[in-house]
$ cat final_39.cif   # mmCIF, C-alpha atoms and all ligand atoms
data_structure
loop_
_atom_site.label_atom_id
_atom_site.label_comp_id
_atom_site.auth_asym_id
_atom_site.auth_seq_id
_atom_site.Cartn_x
_atom_site.Cartn_y
_atom_site.Cartn_z
CA MET T 15 8.19 -11.99 11.54
CA LYS T 16 4.46 -11.77 11.82
CA TYR T 17 2.96 -8.67 13.30
CA LYS T 18 -0.05 -9.60 15.33
CA LEU T 19 -2.98 -7.49 16.29
CA ILE T 20 -4.65 -9.57 18.92
CA PHE T 21 -8.31 -8.89 19.45
CA LEU T 22 -11.50 -10.87 19.13
CA SER T 23 -13.31 -10.76 15.85
CA PHE T 24 -13.08 -9.71 12.23
CA PHE T 25 -14.83 -6.81 10.70
CA PHE T 26 -14.69 -5.99 7.02
CA CYS T 27 -15.86 -2.83 5.40
CA PHE T 28 -15.92 -2.68 1.62
CA PHE T 29 -15.56 0.80 0.18
CA TYR T 30 -17.72 0.08 -2.78
CA LEU T 31 -20.51 -1.82 -1.10
CA GLY T 32 -22.24 1.13 0.43
CA CYS T 33 -20.39 1.18 3.69
CA THR T 34 -21.96 3.83 5.90
CA GLU T 35 -20.70 5.65 8.92
CA ARG T 36 -23.10 3.61 11.03
CA ASN T 37 -21.57 0.36 9.80
CA LEU T 38 -18.16 1.63 10.76
CA ASP T 39 -19.25 2.42 14.28
CA LEU T 40 -18.49 -0.95 15.83
CA VAL T 41 -20.16 -1.75 19.07
CA THR T 42 -17.45 -4.13 20.14
CA GLY T 43 -14.65 -2.64 18.08
CA ASN T 44 -11.71 -0.68 19.24
CA GLU T 45 -12.48 2.52 17.42
CA ASN T 46 -8.95 3.74 17.88
CA LEU T 47 -7.43 0.86 15.92
CA LYS T 48 -7.92 0.97 12.19
CA VAL T 49 -6.49 -1.34 9.55
CA PHE T 50 -6.35 -0.71 5.82
CA GLN T 51 -5.57 -3.89 3.95
CA ASN T 52 -4.69 -5.03 0.44
CA ILE T 53 -3.38 -1.62 -0.49
CA ARG T 54 -0.37 -0.36 -2.36
CA ILE T 55 1.63 1.79 0.05
CA ILE T 56 3.92 4.50 -1.26
CA VAL T 57 5.86 4.81 1.97
CA GLY T 58 7.50 8.11 1.06
CA ASN T 59 11.05 6.95 1.79
CA GLY T 60 11.54 5.34 -1.64
CA THR T 61 9.84 2.05 -0.76
CA ILE T 62 6.67 0.79 -2.41
CA ILE T 63 4.72 -2.01 -0.77
CA GLU T 64 2.37 -3.89 -3.10
CA ASN T 65 -0.36 -5.87 -1.30
CA GLY T 66 0.36 -4.00 1.87
CA ALA T 67 -1.46 -3.21 5.04
CA LEU T 68 -1.33 -0.24 7.33
CA ALA T 69 -2.66 -0.16 10.87
CA PHE T 70 -2.82 2.77 13.23
CA GLU T 71 -4.00 3.31 16.74
CA ASN T 72 -4.71 6.67 18.37
CA GLY T 73 -3.35 8.39 15.27
CA VAL T 74 0.01 6.61 15.23
CA ILE T 75 1.04 3.97 12.70
CA ILE T 76 1.67 0.61 14.38
CA TYR T 77 2.08 -1.50 11.26
CA SER T 78 3.08 -0.67 7.69
CA GLY T 79 4.21 -3.62 5.60
CA PRO T 80 3.19 -6.63 3.56
CA GLN T 81 -0.35 -7.87 4.10
CA SER T 82 0.97 -11.42 4.35
CA ASP T 83 3.13 -10.57 7.36
CA MET T 84 0.24 -9.18 9.37
CA GLU T 85 -2.09 -11.54 11.18
CA ILE T 86 -5.28 -9.85 12.16
CA ASN T 87 -7.25 -11.50 14.85
CA SER T 88 -9.03 -8.49 16.07
CA ASN T 89 -12.10 -6.40 16.35
CA ALA T 90 -10.34 -3.45 14.87
CA MET T 91 -12.03 -1.47 12.14
CA ILE T 92 -10.80 -3.10 8.99
CA TYR T 93 -11.04 -1.34 5.67
CA GLU T 94 -10.82 -3.76 2.79
CA SER T 95 -9.18 -1.47 0.27
CA ALA T 96 -8.09 -3.70 -2.60
CA GLY T 97 -6.82 -1.76 -5.57
CA LEU T 98 -6.31 1.48 -3.69
CA THR T 99 -3.02 3.28 -3.21
CA MET T 100 -1.98 5.06 -0.03
CA MET T 101 0.56 7.87 0.07
CA PRO T 102 1.66 10.21 2.86
CA ALA T 103 -0.23 13.48 3.18
CA ILE T 104 1.39 16.34 1.27
CA ILE T 105 3.57 19.14 2.66
CA ASP T 106 3.52 22.58 1.00
CA THR T 107 6.69 24.37 2.07
CA HIS T 108 6.11 27.69 0.32
CA THR T 109 2.78 29.47 0.63
CA HIS T 110 1.52 32.88 1.69
CA LEU T 111 -1.40 32.29 4.03
CA GLY T 112 -4.02 34.60 5.50
CA ASN T 113 -3.14 36.96 8.34
CA SER T 114 -6.41 36.98 10.25
CA VAL T 115 -7.95 34.33 12.47
CA ASP T 116 -10.74 33.76 9.93
CA SER T 117 -8.68 33.71 6.76
CA LEU T 118 -5.93 31.58 8.24
CA THR T 119 -8.46 29.12 9.68
CA ARG T 120 -10.04 28.79 6.24
CA ASP T 121 -6.65 28.40 4.53
CA LEU T 122 -5.50 25.65 6.88
CA GLN T 123 -8.81 23.77 6.83
CA GLN T 124 -9.07 23.90 3.05
CA ARG T 125 -5.56 22.51 2.79
CA ALA T 126 -6.42 19.64 5.12
CA SER T 127 -9.49 18.89 3.00
CA ILE T 128 -7.32 18.23 -0.01
CA GLY T 129 -4.60 16.15 1.63
CA ILE T 130 -2.13 18.79 2.78
CA ALA T 131 -0.73 17.93 6.22
CA ALA T 132 1.34 21.07 6.71
CA ALA T 133 2.00 24.43 5.09
CA MET T 134 4.73 27.01 5.59
CA SER T 135 3.82 30.65 5.11
CA MET T 136 6.91 32.29 3.69
CA GLY T 137 7.54 35.76 5.07
CA THR T 138 4.30 37.73 4.77
CA ASP T 139 2.85 37.22 8.25
CA ASP T 140 2.41 40.60 9.94
CA LEU T 141 2.31 41.25 13.67
CA GLY T 142 -1.43 40.58 13.81
CA THR T 143 -1.14 37.09 12.33
CA PRO T 144 -2.21 34.39 14.81
CA LEU T 145 1.12 32.56 14.91
CA GLU T 146 -0.27 30.75 17.96
CA PHE T 147 -2.16 28.54 15.50
CA ARG T 148 1.12 26.65 15.25
CA VAL T 149 0.56 25.40 18.78
CA ASN T 150 -3.23 25.62 19.02
CA PRO T 151 -4.51 24.92 15.50
CA PRO T 152 -8.14 25.16 14.42
CA SER T 153 -9.86 21.78 14.18
CA GLN T 154 -9.31 19.69 11.04
CA SER T 155 -6.53 21.87 9.72
CA ALA T 156 -3.11 21.46 8.16
CA ARG T 157 -0.21 22.16 10.50
CA TYR T 158 0.88 25.76 10.24
CA PHE T 159 4.43 27.11 9.97
CA SER T 160 5.53 30.67 9.50
CA ALA T 161 8.60 32.62 8.48
CA GLY T 162 6.98 35.68 10.09
CA ARG T 163 7.93 38.91 8.36
CA GLY T 164 10.63 38.32 5.78
CA ILE T 165 13.52 40.69 5.11
CA THR T 166 14.28 42.67 1.96
CA MET T 167 15.60 46.05 0.75
CA PRO T 168 12.90 48.74 0.48
CA GLU T 169 10.44 47.78 -2.24
CA PRO T 170 7.89 50.64 -2.37
CA GLY T 171 4.72 49.54 -4.08
CA ARG T 172 5.12 45.96 -2.97
CA SER T 173 4.00 44.41 0.30
CA GLU T 174 4.96 46.47 3.35
CA ILE T 175 4.75 43.46 5.65
CA PRO T 176 8.44 42.49 5.30
CA HIS T 177 11.24 44.30 7.09
CA TRP T 178 12.90 46.81 4.77
CA VAL T 179 16.57 47.02 5.69
CA THR T 180 19.40 49.11 4.25
CA ASN T 181 22.37 48.30 6.47
CA GLU T 182 23.85 45.47 8.46
CA ASN T 183 22.54 46.69 11.81
CA GLU T 184 18.99 46.83 10.54
CA ALA T 185 19.41 43.45 8.90
CA ARG T 186 20.58 41.78 12.10
CA GLU T 187 17.94 43.61 14.13
CA ALA T 188 15.22 42.30 11.80
CA VAL T 189 16.43 38.73 12.33
CA ARG T 190 16.39 39.22 16.10
CA ALA T 191 12.86 40.66 15.96
CA GLU T 192 11.62 37.58 14.08
CA ALA T 193 13.51 35.23 16.39
CA GLU T 194 11.68 36.98 19.22
CA ARG T 195 8.39 35.97 17.54
CA ASN T 196 9.71 32.42 17.48
CA VAL T 197 9.31 32.03 13.71
CA ASP T 198 10.12 28.70 12.06
CA MET T 199 12.51 30.17 9.51
CA ILE T 200 13.88 33.48 8.26
CA LYS T 201 12.80 34.52 4.76
CA ILE T 202 14.75 36.92 2.55
CA TRP T 203 14.18 38.29 -0.93
CA VAL T 204 17.17 38.77 -3.23
CA ASP T 205 15.63 40.12 -6.41
CA ASP T 206 15.80 43.53 -8.10
CA ARG T 207 12.37 42.85 -9.66
CA ASN T 208 13.53 43.53 -13.20
CA GLY T 209 15.73 46.44 -12.26
CA GLN T 210 13.06 48.27 -10.22
CA TYR T 211 14.76 48.04 -6.83
CA GLU T 212 18.10 47.61 -5.21
CA LYS T 213 18.32 44.08 -3.92
CA LEU T 214 19.90 42.74 -0.74
CA SER T 215 23.67 42.78 -1.27
CA PRO T 216 25.88 39.83 -0.32
CA ASP T 217 27.07 41.86 2.70
CA LEU T 218 23.53 42.17 3.98
CA PHE T 219 22.32 38.65 3.28
CA SER T 220 25.53 37.21 4.73
CA ALA T 221 24.85 39.16 7.91
CA ILE T 222 21.27 37.90 7.99
CA ILE T 223 22.38 34.30 7.51
CA ASP T 224 25.04 34.70 10.17
CA GLU T 225 22.63 36.24 12.69
CA ALA T 226 19.96 33.63 11.97
CA HIS T 227 22.35 30.72 12.36
CA THR T 228 23.64 32.19 15.61
CA LEU T 229 20.05 32.17 16.85
CA GLY T 230 19.42 28.63 15.59
CA LEU T 231 17.24 29.66 12.67
CA ARG T 232 17.52 28.65 9.03
CA VAL T 233 17.26 31.06 6.12
CA SER T 234 15.16 30.62 3.01
CA ALA T 235 15.85 32.88 0.03
CA HIS T 236 13.62 34.06 -2.76
CA ILE T 237 15.92 34.24 -5.79
CA PHE T 238 15.70 34.94 -9.48
CA ASN T 239 19.23 35.01 -10.91
CA LEU T 240 21.90 32.36 -11.09
CA ASP T 241 24.57 34.76 -9.81
CA ASP T 242 22.57 35.53 -6.66
CA ALA T 243 21.88 31.85 -6.14
CA LYS T 244 25.61 31.14 -6.23
CA GLU T 245 26.44 33.89 -3.74
CA LEU T 246 23.67 32.74 -1.41
CA VAL T 247 24.71 29.10 -1.44
CA GLU T 248 28.30 30.16 -0.82
CA SER T 249 27.09 32.28 2.09
CA GLY T 250 25.40 29.27 3.67
CA VAL T 251 21.74 29.85 2.87
CA ASP T 252 19.67 26.82 3.90
CA VAL T 253 16.80 26.91 1.44
CA LEU T 254 16.27 28.27 -2.06
CA ALA T 255 12.58 29.14 -2.15
CA HIS T 256 12.57 29.15 -5.96
CA GLY T 257 14.73 27.66 -8.68
CA VAL T 258 17.09 29.75 -10.81
CA ARG T 259 14.89 31.58 -13.28
CA ASP T 260 17.05 33.75 -15.54
CA GLN T 261 19.12 31.08 -17.29
CA ASP T 262 20.21 27.47 -17.33
CA ILE T 263 22.37 26.57 -14.36
CA ASP T 264 26.02 25.71 -15.01
CA GLU T 265 28.51 23.15 -13.75
CA GLU T 266 29.87 25.62 -11.22
CA PHE T 267 26.46 25.95 -9.58
CA ILE T 268 25.81 22.22 -9.59
CA GLN T 269 29.19 21.69 -7.94
CA LEU T 270 28.40 24.37 -5.39
CA VAL T 271 25.09 22.73 -4.53
CA GLN T 272 26.76 19.35 -4.22
CA ASN T 273 29.23 20.88 -1.79
CA HIS T 274 26.22 21.91 0.34
CA PRO T 275 24.34 18.61 0.62
CA ASP T 276 21.87 19.92 3.21
CA LEU T 277 20.64 22.68 0.92
CA VAL T 278 16.96 22.32 0.05
CA LEU T 279 15.51 23.56 -3.21
CA ILE T 280 11.80 24.36 -3.21
CA ALA T 281 10.96 23.72 -6.85
CA ASN T 282 8.12 26.22 -7.04
CA LEU T 283 7.69 26.04 -10.81
CA PRO T 284 5.83 28.69 -12.77
CA SER T 285 2.91 27.48 -14.88
CA SER T 286 3.90 25.64 -18.02
CA GLY T 287 0.98 27.35 -19.76
CA ARG T 288 -0.79 24.10 -20.59
CA VAL T 289 -4.47 23.31 -20.17
CA PHE T 290 -5.19 21.54 -16.88
CA ASP T 291 -7.91 19.22 -15.70
CA TYR T 292 -9.96 20.85 -12.95
CA ASP T 293 -12.88 18.42 -12.83
CA TRP T 294 -11.39 16.83 -9.71
CA LEU T 295 -11.97 20.10 -7.84
CA GLU T 296 -15.75 19.77 -8.01
CA TYR T 297 -15.83 18.52 -4.44
CA HIS T 298 -13.77 21.44 -3.21
CA LEU T 299 -14.75 24.62 -5.05
CA THR T 300 -17.94 26.57 -5.59
CA GLU T 301 -19.64 26.62 -8.96
CA ASP T 302 -18.45 30.19 -9.57
CA GLN T 303 -14.85 29.33 -8.71
CA LEU T 304 -14.95 26.39 -11.12
CA ILE T 305 -16.42 28.48 -13.92
CA ASP T 306 -13.70 31.04 -13.37
CA LEU T 307 -10.97 28.41 -13.47
CA ARG T 308 -12.34 26.78 -16.59
CA THR T 309 -12.74 30.08 -18.40
CA ASN T 310 -9.09 30.86 -17.85
CA ASN T 311 -7.98 27.33 -18.63
CA ILE T 312 -6.41 28.01 -22.01
CA GLU T 313 -3.03 27.29 -23.53
CA ARG T 314 -0.51 30.03 -22.92
CA PRO T 315 2.45 29.31 -25.18
CA GLU T 316 4.18 32.53 -24.09
CA MET T 317 4.84 30.89 -20.71
CA GLU T 318 6.69 27.94 -22.15
CA GLU T 319 10.16 29.46 -22.28
CA PHE T 320 10.15 30.72 -18.70
CA PHE T 321 8.88 27.35 -17.52
CA SER T 322 11.42 25.43 -19.61
CA ILE T 323 14.43 27.14 -18.04
CA GLN T 324 13.25 26.24 -14.57
CA ALA T 325 12.14 22.78 -15.65
CA ARG T 326 15.60 21.96 -17.01
CA ASN T 327 17.23 23.39 -13.90
CA LEU T 328 14.98 21.35 -11.63
CA ALA T 329 15.55 18.13 -13.54
CA ARG T 330 19.33 18.60 -13.49
CA LEU T 331 19.44 19.28 -9.76
CA SER T 332 17.08 16.39 -9.07
CA ASP T 333 19.31 14.09 -11.14
CA THR T 334 22.37 15.14 -9.18
CA GLY T 335 20.76 14.34 -5.84
CA THR T 336 19.75 17.77 -4.58
CA ILE T 337 17.05 17.68 -1.90
CA ILE T 338 13.89 18.95 -3.58
CA ALA T 339 10.76 19.98 -1.68
CA LEU T 340 7.36 20.99 -2.98
CA GLY T 341 6.20 24.58 -2.68
CA THR T 342 3.52 26.45 -4.56
CA ASP T 343 3.89 30.10 -3.51
CA GLY T 344 0.74 32.22 -3.24
CA ASN T 345 -2.39 31.00 -1.53
CA THR T 346 -4.13 28.43 -3.71
CA PHE T 347 -4.90 25.55 -1.39
CA TRP T 348 -5.17 22.88 -4.08
CA ALA T 349 -2.06 24.01 -6.00
CA PRO T 350 0.21 21.16 -4.79
CA HIS T 351 -1.70 18.69 -6.95
CA ILE T 352 -1.01 20.81 -10.03
CA GLU T 353 2.58 21.49 -8.94
CA MET T 354 3.28 17.75 -8.74
CA GLU T 355 2.05 17.36 -12.31
CA GLU T 356 4.32 20.22 -13.39
CA MET T 357 7.31 18.71 -11.59
CA VAL T 358 6.81 15.48 -13.51
CA PHE T 359 6.34 17.46 -16.72
CA ALA T 360 9.65 19.16 -15.91
CA GLY T 361 11.38 15.80 -16.00
CA MET T 362 11.32 14.38 -12.47
CA ASN T 363 9.92 10.90 -12.08
CA PRO T 364 6.62 10.58 -10.20
CA HIS T 365 8.13 8.70 -7.27
CA ASP T 366 10.76 11.41 -6.69
CA VAL T 367 8.04 14.04 -6.92
CA ILE T 368 5.99 12.26 -4.25
CA ILE T 369 9.06 12.03 -2.00
CA ALA T 370 9.67 15.76 -2.55
CA ALA T 371 6.03 16.47 -1.69
CA THR T 372 6.04 14.35 1.46
CA LYS T 373 9.26 13.21 3.16
CA ASN T 374 11.47 16.08 2.02
CA GLY T 375 8.88 18.66 2.97
CA ALA T 376 8.37 17.11 6.39
CA GLU T 377 12.12 17.12 7.00
CA LEU T 378 12.35 20.74 5.93
CA LEU T 379 9.64 21.66 8.43
CA LEU T 380 11.30 19.46 11.08
CA GLN T 381 8.18 17.29 11.39
CA ASP T 382 9.61 13.94 12.43
CA ASP T 383 6.22 12.27 12.45
CA LEU T 384 5.07 13.36 8.98
CA GLY T 385 6.23 12.60 5.45
CA THR T 386 6.43 8.80 5.46
CA LEU T 387 4.13 5.92 6.34
CA GLU T 388 6.36 4.05 8.75
CA VAL T 389 5.75 2.63 12.21
CA GLY T 390 5.74 5.39 14.82
CA LYS T 391 4.73 8.11 12.38
CA SER T 392 1.45 10.00 12.33
CA ALA T 393 -1.40 8.37 10.42
CA SER T 394 -1.52 11.25 7.94
CA PHE T 395 -2.21 9.89 4.51
CA ILE T 396 -4.27 10.03 1.35
CA LEU T 397 -6.04 6.97 -0.01
CA LEU T 398 -6.26 7.05 -3.80
CA ASN T 399 -8.38 5.25 -6.36
CA ASP T 400 -5.52 5.07 -8.83
CA ASN T 401 -1.77 4.81 -8.72
CA PRO T 402 0.07 8.15 -8.88
CA LEU T 403 3.29 6.37 -9.83
CA ALA T 404 1.61 5.51 -13.13
CA ASP T 405 0.16 8.99 -13.59
CA ILE T 406 0.94 11.70 -11.05
CA ARG T 407 -2.49 13.27 -11.62
CA ASN T 408 -3.90 10.33 -9.69
CA THR T 409 -2.99 12.15 -6.45
CA ARG T 410 -6.34 13.85 -7.07
CA ALA T 411 -8.33 10.63 -7.15
CA MET T 412 -8.83 10.86 -3.41
CA VAL T 413 -11.03 8.30 -1.69
CA SER T 414 -10.26 9.51 1.80
CA ILE T 415 -7.82 11.66 3.74
CA TYR T 416 -6.58 11.09 7.28
CA LEU T 417 -4.54 13.57 9.27
CA ASP T 418 -3.16 12.39 12.61
CA GLY T 419 -5.58 9.49 12.46
CA ASN T 420 -8.68 11.64 11.94
CA GLU T 421 -10.71 11.26 8.79
CA ILE T 422 -10.80 14.70 7.16
CA PHE T 423 -12.45 13.81 3.88
CA ASN T 424 -14.05 10.89 2.17
CA ALA T 425 -15.59 10.63 -1.25
CA ARG T 426 -17.72 7.60 -0.49
ZN ZN H 1 6.72 33.31 -2.07
#

$ encode --input "final_39.cif" --output "structure tokens"
Amino acid sequence: MKYKLIFLSFFFCFFYLGCTERNLDLVTGNENLKVFQNIRIIVGNGTIIENGALAFENGVIIYSGPQSDMEINSNAMIYESAGLTMMPAIIDTHTHLGNSVDSLTRDLQQRASIGIAAAMSMGTDDLGTPLEFRVNPPSQSARYFSAGRGITMPEPGRSEIPHWVTNENEAREAVRAEAERNVDMIKIWVDDRNGQYEKLSPDLFSAIIDEAHTLGLRVSAHIFNLDDAKELVESGVDVLAHGVRDQDIDEEFIQLVQNHPDLVLIANLPSSGRVFDYDWLEYHLTEDQLIDLRTNNIERPEMEEFFSIQARNLARLSDTGTIIALGTDGNTFWAPHIEMEEMVFAGMNPHDVIIAATKNGAELLLQDDLGTLEVGKSASFILLNDNPLADIRNTRAMVSIYLDGNEIFNAR
């Protein structure tokens, strides 16, 4: 079936022929209808369309499919994009964003500028944090999600933003307080930090999970040990915000995860200690920031073992069909592009990594209109010079970025 866009005349804009903003500003064109043609589309749902076309109007995708099935007879803005690859904008499901209007605005705008459509701040958002940005975001920013103040046992010396609870009443009360703030998820920490602290016991985290589920909220757990991961999955936790880090997972755990098919694992790998390419950040960082990055860009073989455990665990869970999402922890806006490289290095294939970084993240954040490039979804995508399925580092070869149909960045 042919999809027809019926308008009056053709307009072609070639990326590499000095197309200027003025040329794009069609006098007779429908500025709200844009067509990218002759592109490879990584849809995000497992489908790849070679020689594809994508059209969107008022920020919503109205065609995504083979070029040959689309007849354009229109005065839409047409971007002749031969050789380019389009993928959905990225979702970072585990970050720790700024708590002030200024810092959070910067964090969300920087993320947008590098192809991140949404970011979840995981449990370190104090009472002064402008959670209202979720409804009224700053201009040109990634969508913002927050787990508010997370819940843990007392951890003196660490962040005092989370709730410190020592009994079931306090634990349930903390969940209710966050539900009152209308957070997007409940975050808990189950980690004795190398024997320094008492960690949340199964009694307490079971109560938290129970209270959260009663209130319609999901629970995401910071974990370190395999044993805790098992207890949490058995207790019905919804999200593991890290992989198992102390040892290789066993058959029992894999079975347990398979018995909980809705469980989401945020891969959140540590650095593999390799040297990385940062040249692609020249557009996005200051000279000083780049110098700093490059100075510290050395091989760190001591990190290999810690990475390897989590890499093997991630690859095994990915192979057995666990839902994997991308998360980077911390507050480095460009980190998802490095994390995707690390996920491939860990043993996942590039296509699965892209799905983790797009569709799975969008589903985790309950964003029906993000994550894939299908009809009816938001026009939130990255246009790339090279194919990331061939080399995942090509997610950095950004030609342009659109979020909700608005051009956020272009390298022309
Ligand atoms: Zn974290």

$ atom_distance --input "final_39.cif" --atom1 "atom CA of T:Leu417" --atom2 "atom CA of T:Ala370"
18.6 Å

$ closest_residue --input "final_39.cif" --among "T:Pro168, T:Leu218, T:Phe147, T:Ala161" --to "T:Glu182" --atoms "all atoms listed in the file"
T:Leu218

$ residues_near_ligand --input "final_39.cif" --ligand "ligand ZN 1 (chain H)" --cutoff "7 Å" --atoms "only C-alpha atoms and all ligand atoms" --output "MDAnalysis selection string"
chainID T and resid 108:110 136 236 343:344

$ closest_atom_pairs --input "final_39.cif" --of "stretch 225-313 of chain T" --to "stretch 187-203 of chain T" --cutoff "7 Å" --atoms "all atoms listed in the file" --output "tab-separated table"
residue	atom	partner	partner_atom	distance
T:Glu225	CA	T:Val189	CA	6.7
T:Ala226	CA	T:Val189	CA	6.2
T:Leu231	CA	T:Met199	CA	5.7
T:Arg232	CA	T:Met199	CA	5.3
T:Val233	CA	T:Ile200	CA	4.7
T:Ser234	CA	T:Lys201	CA	4.9
T:Ala235	CA	T:Ile202	CA	4.9
T:His236	CA	T:Trp203	CA	4.6
T:Ile237	CA	T:Trp203	CA	6.6

$ closest_residue --input "final_39.cif" --among "T:Glu421, T:Asp242, T:Glu388, T:Asp366" --to "T:Pro102" --atoms "all atoms listed in the file"
T:Glu388

$ decode --input "final_39.cif" --residues "stretch 158-178 of chain T" --atoms "C-alpha atoms" --output "PDB file, in the first residue's frame"
ATOM      1  CA  TYR T 158      12.864  14.492  33.238  1.00  0.00           C
ATOM      2  CA  PHE T 159      11.905  11.671  35.602  1.00  0.00           C
ATOM      3  CA  SER T 160      12.668  11.353  39.268  1.00  0.00           C
ATOM      4  CA  ALA T 161      12.709   8.724  41.976  1.00  0.00           C
ATOM      5  CA  GLY T 162      12.687  11.576  44.507  1.00  0.00           C
ATOM      6  CA  ARG T 163      14.536  10.722  47.700  1.00  0.00           C
ATOM      7  CA  GLY T 164      15.522   7.073  47.749  1.00  0.00           C
ATOM      8  CA  ILE T 165      15.424   4.855  50.830  1.00  0.00           C
ATOM      9  CA  THR T 166      18.320   3.184  52.640  1.00  0.00           C
ATOM     10  CA  MET T 167      19.592   2.290  56.133  1.00  0.00           C
ATOM     11  CA  PRO T 168      21.590   5.096  57.800  1.00  0.00           C
ATOM     12  CA  GLU T 169      24.795   5.673  55.868  1.00  0.00           C
ATOM     13  CA  PRO T 170      26.641   8.452  57.750  1.00  0.00           C
ATOM     14  CA  GLY T 171      29.233  10.080  55.549  1.00  0.00           C
ATOM     15  CA  ARG T 172      27.273   9.418  52.398  1.00  0.00           C
ATOM     16  CA  SER T 173      24.526  11.551  50.895  1.00  0.00           C
ATOM     17  CA  GLU T 174      21.920  12.659  53.432  1.00  0.00           C
ATOM     18  CA  ILE T 175      19.303  13.214  50.743  1.00  0.00           C
ATOM     19  CA  PRO T 176      17.824   9.684  50.945  1.00  0.00           C
ATOM     20  CA  HIS T 177      15.478   8.571  53.709  1.00  0.00           C
ATOM     21  CA  TRP T 178      17.385   6.662  56.384  1.00  0.00           C
TER      22      TRP T 178
END
